[in-house]
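A.B. asks: Below you'll find start_11.cif; it's mmCIF, C-alpha atoms.
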data_entry
loop_
_atom_site.label_atom_id
_atom_site.label_comp_id
_atom_site.auth_asym_id
_atom_site.auth_seq_id
_atom_site.Cartn_x
_atom_site.Cartn_y
_atom_site.Cartn_z
CA MET X 21 -44.79 -12.28 -37.60
CA ASN X 22 -41.44 -13.79 -38.57
CA PHE X 23 -40.51 -15.80 -35.48
CA ARG X 24 -37.31 -17.09 -37.09
CA ALA X 25 -36.10 -13.54 -37.66
CA ILE X 26 -36.97 -12.60 -34.08
CA ALA X 27 -35.16 -15.65 -32.74
CA ALA X 28 -32.13 -14.91 -34.89
CA GLY X 29 -32.10 -11.32 -33.69
CA LEU X 30 -32.26 -12.42 -30.06
CA SER X 31 -29.42 -14.87 -30.62
CA VAL X 32 -27.25 -12.13 -32.08
CA ALA X 33 -28.09 -9.82 -29.17
CA VAL X 34 -27.26 -12.52 -26.60
CA ALA X 35 -24.00 -13.35 -28.34
CA ALA X 36 -23.03 -9.67 -28.43
CA PHE X 37 -23.84 -9.32 -24.72
CA LEU X 38 -21.78 -12.39 -23.82
CA HIS X 39 -18.89 -11.16 -25.94
CA THR X 40 -19.01 -7.74 -24.26
CA SER X 41 -19.16 -9.29 -20.77
CA THR X 42 -16.22 -11.57 -21.52
CA ALA X 43 -14.18 -8.68 -22.90
CA GLN X 44 -14.99 -6.54 -19.85
CA GLU X 45 -13.80 -9.30 -17.51
CA GLU X 46 -10.64 -10.00 -19.51
CA ASN X 47 -9.78 -6.31 -19.66
CA GLY X 48 -10.82 -5.97 -16.02
CA GLY X 49 -8.14 -8.43 -14.95
CA ALA X 50 -5.50 -6.47 -16.84
CA ARG X 51 -6.75 -3.19 -15.40
CA ALA X 52 -6.74 -4.61 -11.85
CA GLU X 53 -3.15 -5.71 -12.43
CA LEU X 54 -2.27 -2.18 -13.54
CA LEU X 55 -3.81 -0.81 -10.34
CA LEU X 56 -1.88 -3.25 -8.16
CA GLU X 57 1.39 -2.42 -9.88
CA ALA X 58 0.79 1.30 -9.36
CA MET X 59 0.06 0.69 -5.67
CA GLY X 60 3.29 -1.21 -5.00
CA GLY X 61 2.75 -4.61 -6.57
CA ARG X 62 0.78 -7.79 -6.06
CA ALA X 63 3.40 -9.41 -3.83
CA ALA X 64 3.49 -6.47 -1.44
CA TRP X 65 -0.28 -6.19 -1.02
CA ALA X 66 -0.68 -9.96 -0.67
CA GLN X 67 1.27 -9.72 2.59
CA VAL X 68 -0.87 -6.92 4.05
CA LYS X 69 -3.68 -8.09 6.34
CA PHE X 70 -3.76 -5.15 8.75
CA VAL X 71 -3.30 -1.39 8.42
CA HIS X 72 -3.15 1.47 10.87
CA VAL X 73 -3.86 4.85 9.30
CA GLU X 74 -3.48 8.22 10.99
CA ALA X 75 -4.79 11.25 9.10
CA ILE X 76 -5.77 14.86 9.68
CA HIS X 77 -9.37 15.48 8.69
CA ASP X 78 -11.31 18.62 7.90
CA ASP X 79 -15.10 18.35 7.95
CA VAL X 80 -17.60 21.15 7.38
CA ASN X 81 -19.58 19.89 10.39
CA VAL X 82 -16.59 20.12 12.78
CA ARG X 83 -15.04 23.53 13.43
CA GLU X 84 -11.41 22.48 13.93
CA PRO X 85 -9.33 19.84 12.14
CA PHE X 86 -9.16 16.52 13.96
CA THR X 87 -6.91 13.48 14.02
CA ASN X 88 -8.60 10.36 12.69
CA GLN X 89 -7.06 6.96 13.33
CA ILE X 90 -8.15 3.61 11.89
CA TRP X 91 -7.00 0.14 12.92
CA ASN X 92 -8.29 -2.34 10.32
CA ASP X 93 -8.02 -6.15 10.41
CA PHE X 94 -8.73 -7.48 6.90
CA THR X 95 -9.22 -11.08 8.03
CA ALA X 96 -12.44 -10.51 10.01
CA PRO X 97 -14.92 -7.69 10.64
CA ARG X 98 -12.68 -5.95 13.14
CA VAL X 99 -12.03 -2.24 12.82
CA ARG X 100 -11.56 0.61 15.27
CA LEU X 101 -11.84 4.33 14.50
CA GLU X 102 -10.98 7.32 16.69
CA ALA X 103 -11.58 10.99 15.88
CA LYS X 104 -10.11 13.51 18.32
CA ASN X 105 -9.25 17.16 18.79
CA ALA X 106 -9.55 19.56 21.73
CA GLN X 107 -13.34 19.63 21.40
CA ILE X 108 -14.31 16.10 20.34
CA ASP X 109 -13.48 12.53 21.38
CA ARG X 110 -15.37 10.03 19.24
CA ARG X 111 -14.56 6.35 18.92
CA ARG X 112 -16.29 3.34 17.47
CA ALA X 113 -15.41 -0.25 16.70
CA ILE X 114 -16.78 -3.56 15.53
CA ASP X 115 -15.43 -6.95 16.51
CA GLY X 116 -17.15 -9.90 14.89
CA ARG X 117 -20.90 -9.49 15.21
CA ALA X 118 -21.16 -6.57 17.61
CA GLY X 119 -19.83 -3.09 18.06
CA TRP X 120 -19.74 -0.05 20.31
CA ARG X 121 -19.24 3.70 20.13
CA TRP X 122 -17.93 6.39 22.44
CA ARG X 123 -19.12 9.91 21.82
CA ASP X 124 -17.61 12.66 23.98
CA GLY X 125 -17.63 10.58 27.14
CA GLU X 126 -20.82 8.56 26.55
CA GLN X 127 -20.55 4.92 25.56
CA SER X 128 -23.27 2.84 23.90
CA PRO X 129 -23.58 -0.36 21.86
CA LEU X 130 -24.09 -0.06 18.13
CA THR X 131 -27.60 -0.67 16.89
CA PRO X 132 -27.98 -3.40 14.22
CA GLU X 133 -28.19 -0.67 11.56
CA GLN X 134 -25.07 1.09 12.85
CA PHE X 135 -23.19 -2.19 13.01
CA GLU X 136 -24.11 -3.02 9.41
CA ASP X 137 -22.95 0.43 8.28
CA GLU X 138 -19.57 -0.17 9.90
CA ARG X 139 -19.32 -3.73 8.58
CA SER X 140 -20.14 -2.56 5.05
CA TRP X 141 -17.46 0.13 5.31
CA TRP X 142 -14.96 -2.51 6.44
CA GLU X 143 -15.89 -4.88 3.63
CA ALA X 144 -15.48 -2.22 0.92
CA ASN X 145 -12.37 -0.54 2.38
CA ILE X 146 -9.87 0.25 -0.39
CA TYR X 147 -6.88 -1.32 1.36
CA ARG X 148 -8.78 -4.53 2.05
CA THR X 149 -9.89 -4.72 -1.59
CA LEU X 150 -6.30 -4.26 -2.76
CA HIS X 151 -5.25 -7.17 -0.54
CA ARG X 152 -8.06 -9.38 -1.87
CA LEU X 153 -7.16 -8.57 -5.46
CA ALA X 154 -3.51 -9.30 -4.70
CA VAL X 155 -4.27 -12.80 -3.36
CA LYS X 156 -6.71 -13.43 -6.25
CA ASP X 157 -9.71 -13.90 -3.97
CA PRO X 158 -12.09 -16.13 -6.00
CA GLU X 159 -15.07 -14.24 -4.54
CA LEU X 160 -14.08 -11.10 -6.47
CA SER X 161 -14.16 -10.31 -10.18
CA ALA X 162 -12.95 -7.24 -12.05
CA ARG X 163 -14.54 -5.50 -15.03
CA ALA X 164 -13.19 -2.74 -17.22
CA VAL X 165 -15.74 -0.04 -18.08
CA GLY X 166 -14.84 2.58 -20.67
CA GLU X 167 -11.26 3.78 -20.95
CA HIS X 168 -10.42 4.42 -17.29
CA ARG X 169 -12.92 2.74 -14.97
CA LEU X 170 -12.39 -0.48 -13.03
CA GLU X 171 -15.30 -2.09 -11.18
CA ILE X 172 -14.94 -4.85 -8.57
CA PHE X 173 -17.84 -7.26 -7.99
CA ARG X 174 -18.65 -9.89 -5.39
CA ALA X 175 -19.55 -13.43 -6.39
CA ASP X 176 -23.25 -12.60 -5.93
CA GLY X 177 -22.99 -9.91 -8.61
CA LYS X 178 -23.11 -6.96 -6.23
CA ARG X 179 -20.61 -4.21 -6.96
CA LEU X 180 -18.12 -3.70 -4.15
CA ASN X 181 -15.89 -0.88 -5.44
CA TRP X 182 -15.16 1.24 -8.45
CA PHE X 183 -11.99 3.10 -9.43
CA HIS X 184 -11.20 5.74 -12.04
CA LEU X 185 -7.56 5.21 -13.01
CA ASN X 186 -5.05 7.38 -14.80
CA GLN X 187 -2.81 5.94 -17.52
CA ARG X 188 -0.31 4.75 -14.91
CA GLY X 189 -3.00 2.78 -13.08
CA GLU X 190 -3.14 5.18 -10.12
CA PRO X 191 -6.60 5.73 -8.62
CA MET X 192 -7.94 9.24 -9.20
CA LEU X 193 -11.48 8.51 -7.97
CA PHE X 194 -12.84 5.77 -5.72
CA GLY X 195 -16.36 4.69 -4.77
CA THR X 196 -18.13 1.88 -2.94
CA TRP X 197 -21.22 -0.26 -3.47
CA GLU X 198 -23.95 1.16 -5.72
CA SER X 199 -23.14 4.79 -4.91
CA GLU X 200 -21.58 7.02 -7.55
CA ALA X 201 -20.41 9.47 -4.86
CA ALA X 202 -16.63 9.57 -5.19
CA THR X 203 -13.59 10.24 -3.10
CA VAL X 204 -10.98 12.19 -5.07
CA PHE X 205 -7.48 10.86 -4.42
CA GLY X 206 -4.23 12.81 -4.47
CA PRO X 207 -0.74 11.63 -5.49
CA LEU X 208 0.63 8.42 -4.03
CA ALA X 209 2.94 8.10 -1.03
CA ALA X 210 4.79 5.00 0.15
CA SER X 211 4.95 2.94 3.33
CA GLY X 212 7.53 0.22 2.90
CA LYS X 213 6.74 -1.51 -0.40
CA ILE X 214 3.09 -0.48 -0.63
CA LYS X 215 1.71 2.82 -1.89
CA TYR X 216 -1.42 4.72 -0.91
CA PRO X 217 -3.14 8.03 -1.78
CA LYS X 218 -1.56 10.79 0.29
CA TRP X 219 -4.85 12.66 0.56
CA GLY X 220 -8.52 12.38 -0.32
CA ALA X 221 -11.53 14.67 -0.54
CA ARG X 222 -15.18 14.80 -1.51
CA PRO X 223 -15.84 16.73 -4.73
CA ASP X 224 -18.59 18.70 -2.96
CA GLY X 225 -16.12 20.06 -0.43
CA SER X 226 -17.80 18.42 2.58
CA TRP X 227 -14.59 16.84 3.89
CA ARG X 228 -10.94 16.18 3.14
CA TYR X 229 -8.06 14.33 4.76
CA GLU X 230 -4.30 14.02 4.56
CA VAL X 231 -2.54 10.87 5.72
CA VAL X 232 0.13 11.52 8.33
CA LYS X 233 1.18 7.92 8.81
CA LEU X 234 0.24 4.52 7.42
CA SER X 235 1.69 1.27 8.70
CA ALA X 236 0.89 -2.17 7.34
CA SER X 237 1.59 -5.68 8.58
CA GLU X 238 0.69 -9.31 8.04
CA ASN X 239 -0.80 -9.65 11.53
CA VAL X 240 -2.57 -7.45 14.03
CA PRO X 241 0.20 -6.00 16.24
CA ASN X 242 0.31 -6.79 19.92
CA GLY X 243 -1.50 -4.18 21.95
CA VAL X 244 -4.10 -3.34 19.31
CA THR X 245 -7.57 -3.95 20.70
CA PHE X 246 -11.09 -3.64 19.35
CA SER X 247 -12.76 -4.06 22.72
CA LYS X 248 -14.59 -1.37 24.67
CA PRO X 249 -12.46 1.25 26.51
#
Write out the structure in this file as structure tokens.
C.D. replies:
Amino acid sequence: MNFRAIAAGLSVAVAAFLHTSTAQEENGGARAELLLEAMGGRAAWAQVKFVHVEAIHDDVNVREPFTNQIWNDFTAPRVRLEAKNAQIDRRRAIDGRAGWRWRDGEQSPLTPEQFEDERSWWEANIYRTLHRLAVKDPELSARAVGEHRLEIFRADGKRLNWFHLNQRGEPMLFGTWESEAATVFGPLAASGKIKYPKWGARPDGSWRYEVVKLSASENVPNGVTFSKP
């Protein structure tokens, strides 16, 4: 067995891997910049630390469309969601290390598993990721994959988000964590200086939404609460 040849081959393979990884990260930074520019610019998203989104949702498991509102504080695990129509009234929130939910008149605390689901959603929220990219959060890194894909990773190597971008840098598909299940995004709309997808949908037709209103600010507005009703 020619150990020198094997060692040389391994060295070439390692060098090729390192070169590929470096190129992905270099191109990832440029691709992340393209995304930010398409979404309104780095300076605009750097100022956004809170969003309130109101959208009309259609879900195959709910007969009538419903209004879904989200109040999201990027600076800490604090998010509140409300889904309402004439038949349903469902609310849930997390604030720090605990959470609660209200389902058609019945209130209960979130279980540890439910809390972690909500916290993970908050961590990987698209608007929060755009803010973190805009401020160059050192805990995030970007990698370009293929011609159109951008992947965002945490410092521990775990993938946080992935985007499929068009040539203008606009997100056409979006996913979180290790899942390849995507949200399809529609054309962009604007709120002040920032832009956002006007609508989104699951490719399998299980749900869709259209944003009615999105407001963004540097601080959580007075009167917004994440406490129990």
A.B. asks: Take the PyMOL selection byres ((chain X and resi 154-160) around 6), apply it to the structure above, and return the hits as a PDB file with C-alpha atoms, in the coordinates of the input.
C.D. replies:
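This went into part33.pdb:
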ATOM      1  CA  ARG X  62       0.780  -7.790  -6.060  1.00  0.00           C
ATOM      2  CA  TRP X  65      -0.280  -6.190  -1.020  1.00  0.00           C
ATOM      3  CA  ALA X  66      -0.680  -9.960  -0.670  1.00  0.00           C
ATOM      4  CA  HIS X 151      -5.250  -7.170  -0.540  1.00  0.00           C
ATOM      5  CA  ARG X 152      -8.060  -9.380  -1.870  1.00  0.00           C
ATOM      6  CA  LEU X 153      -7.160  -8.570  -5.460  1.00  0.00           C
ATOM      7  CA  SER X 161     -14.160 -10.310 -10.180  1.00  0.00           C
ATOM      8  CA  PHE X 173     -17.840  -7.260  -7.990  1.00  0.00           C
ATOM      9  CA  ARG X 174     -18.650  -9.890  -5.390  1.00  0.00           C
ATOM     10  CA  ALA X 175     -19.550 -13.430  -6.390  1.00  0.00           C
TER      11      ALA X 175
END
A.B. asks: Care to translate the PyMOL selection byres ((chain X and resi 239-241) around 12) into actual residues of this file, as a VMD selection string?
C.D. replies: chain X and resid 67 to 72 91 to 96 98 to 99 235 to 238 242 to 246
A.B. asks: Could you expand the PyMOL selection byres ((chain X and resi 80) around 9) into the explicit residues it covers here, written as a PyMOL selection string?
C.D. replies: chain X and resi 78-79+81-83+225-227
A.B. asks: To one decimal place in Å, what is the distance between atom CA of Leu170 of chain X and atom CA of Trp141 of chain X?
C.D. replies: 19.0 Å
A.B. asks: As an exercise, work out the distance from atom CA of Arg188 of chain X to atom CA of Pro207 of chain X in Å and give it to one decimal place.
C.D. replies: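 Atom CA of Arg188 of chain X sits 11.7 Å away from atom CA of Pro207 of chain X.
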A.B. asks: Report the distance between atom CA of Val204 of chain X and atom CA of Glu53 of chain X in Å, rounded to one decimal place.
C.D. replies: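 Computing the Euclidean distance for atom CA of Val204 of chain X and atom CA of Glu53 of chain X yields 20.9 Å.
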A.B. asks: For Phe183 of chain X, find every residue with an atom within 8 Å (counting all atoms listed in the file), except residues of its own chain fewer than 4 positions away, and show them as a PyMOL selection string.
C.D. replies: chain X and resi 169-171+191-195
A.B. asks: Can you tell me, as a list in words, what residues are no more than 12 Å from Ala210 of chain X when counting all atoms listed in the file, ignoring any on the same chain fewer than 2 positions away?
C.D. replies: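 So, after excluding close chain neighbours, the residues are Ala58, Met59, Gly60, Gly61, Ala64, Pro207, Leu208, Gly212, Lys213, Ile214, Lys215, Tyr216, Pro217, Lys218, Val231, Val232, Lys233, Leu234, Ser235 and Ala236 of chain X.
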A.B. asks: Give the answer as one residue: which of X:Glu167, X:Glu138, X:Glu57, X:Glu46 has the shortest atom-to-atom distance to Glu190 of chain X, using all atoms listed in the file?
C.D. replies: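 The answer is X:Glu57, which sits nearest to Glu190 of chain X.
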A.B. asks: Which residue gives the smallest distance to Leu130 of chain X among X:Trp219, X:Phe86, X:Lys248, X:Ala52, with all atoms listed in the file counted?
C.D. replies: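 The answer is X:Lys248, which sits nearest to Leu130 of chain X.
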A.B. asks: Between X:Asn105, X:Trp142, X:Arg51, X:Ile114, which one has atoms that come closest to Pro129 of chain X, using only C-alpha atoms?
C.D. replies: X:Ile114
A.B. asks: Nearest to Gly48 of chain X: which of X:Ile172, X:Ala162, X:His184, X:Ser199 is it, counting only C-alpha atoms?
C.D. replies: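 Looking at the shortest contact to Gly48 of chain X, the residue is X:Ala162.
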A.B. asks: Need the shell around His168 of chain X: protein/DNA/RNA residues with any atom at most 8 Å away, counting all atoms listed in the file. Skip same-chain ones fewer than 3 positions apart. Format as an MDAnalysis selection string?
C.D. replies: chainID X and resid 164:165 184:187
A.B. asks: Have a look at X:Asn145, X:Gln134, X:Gln127, X:Asn181 and name the one nearest to Pro249 of chain X; count only C-alpha atoms.
C.D. replies: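 Distance minimum relative to Pro249 of chain X lands on X:Gln127.
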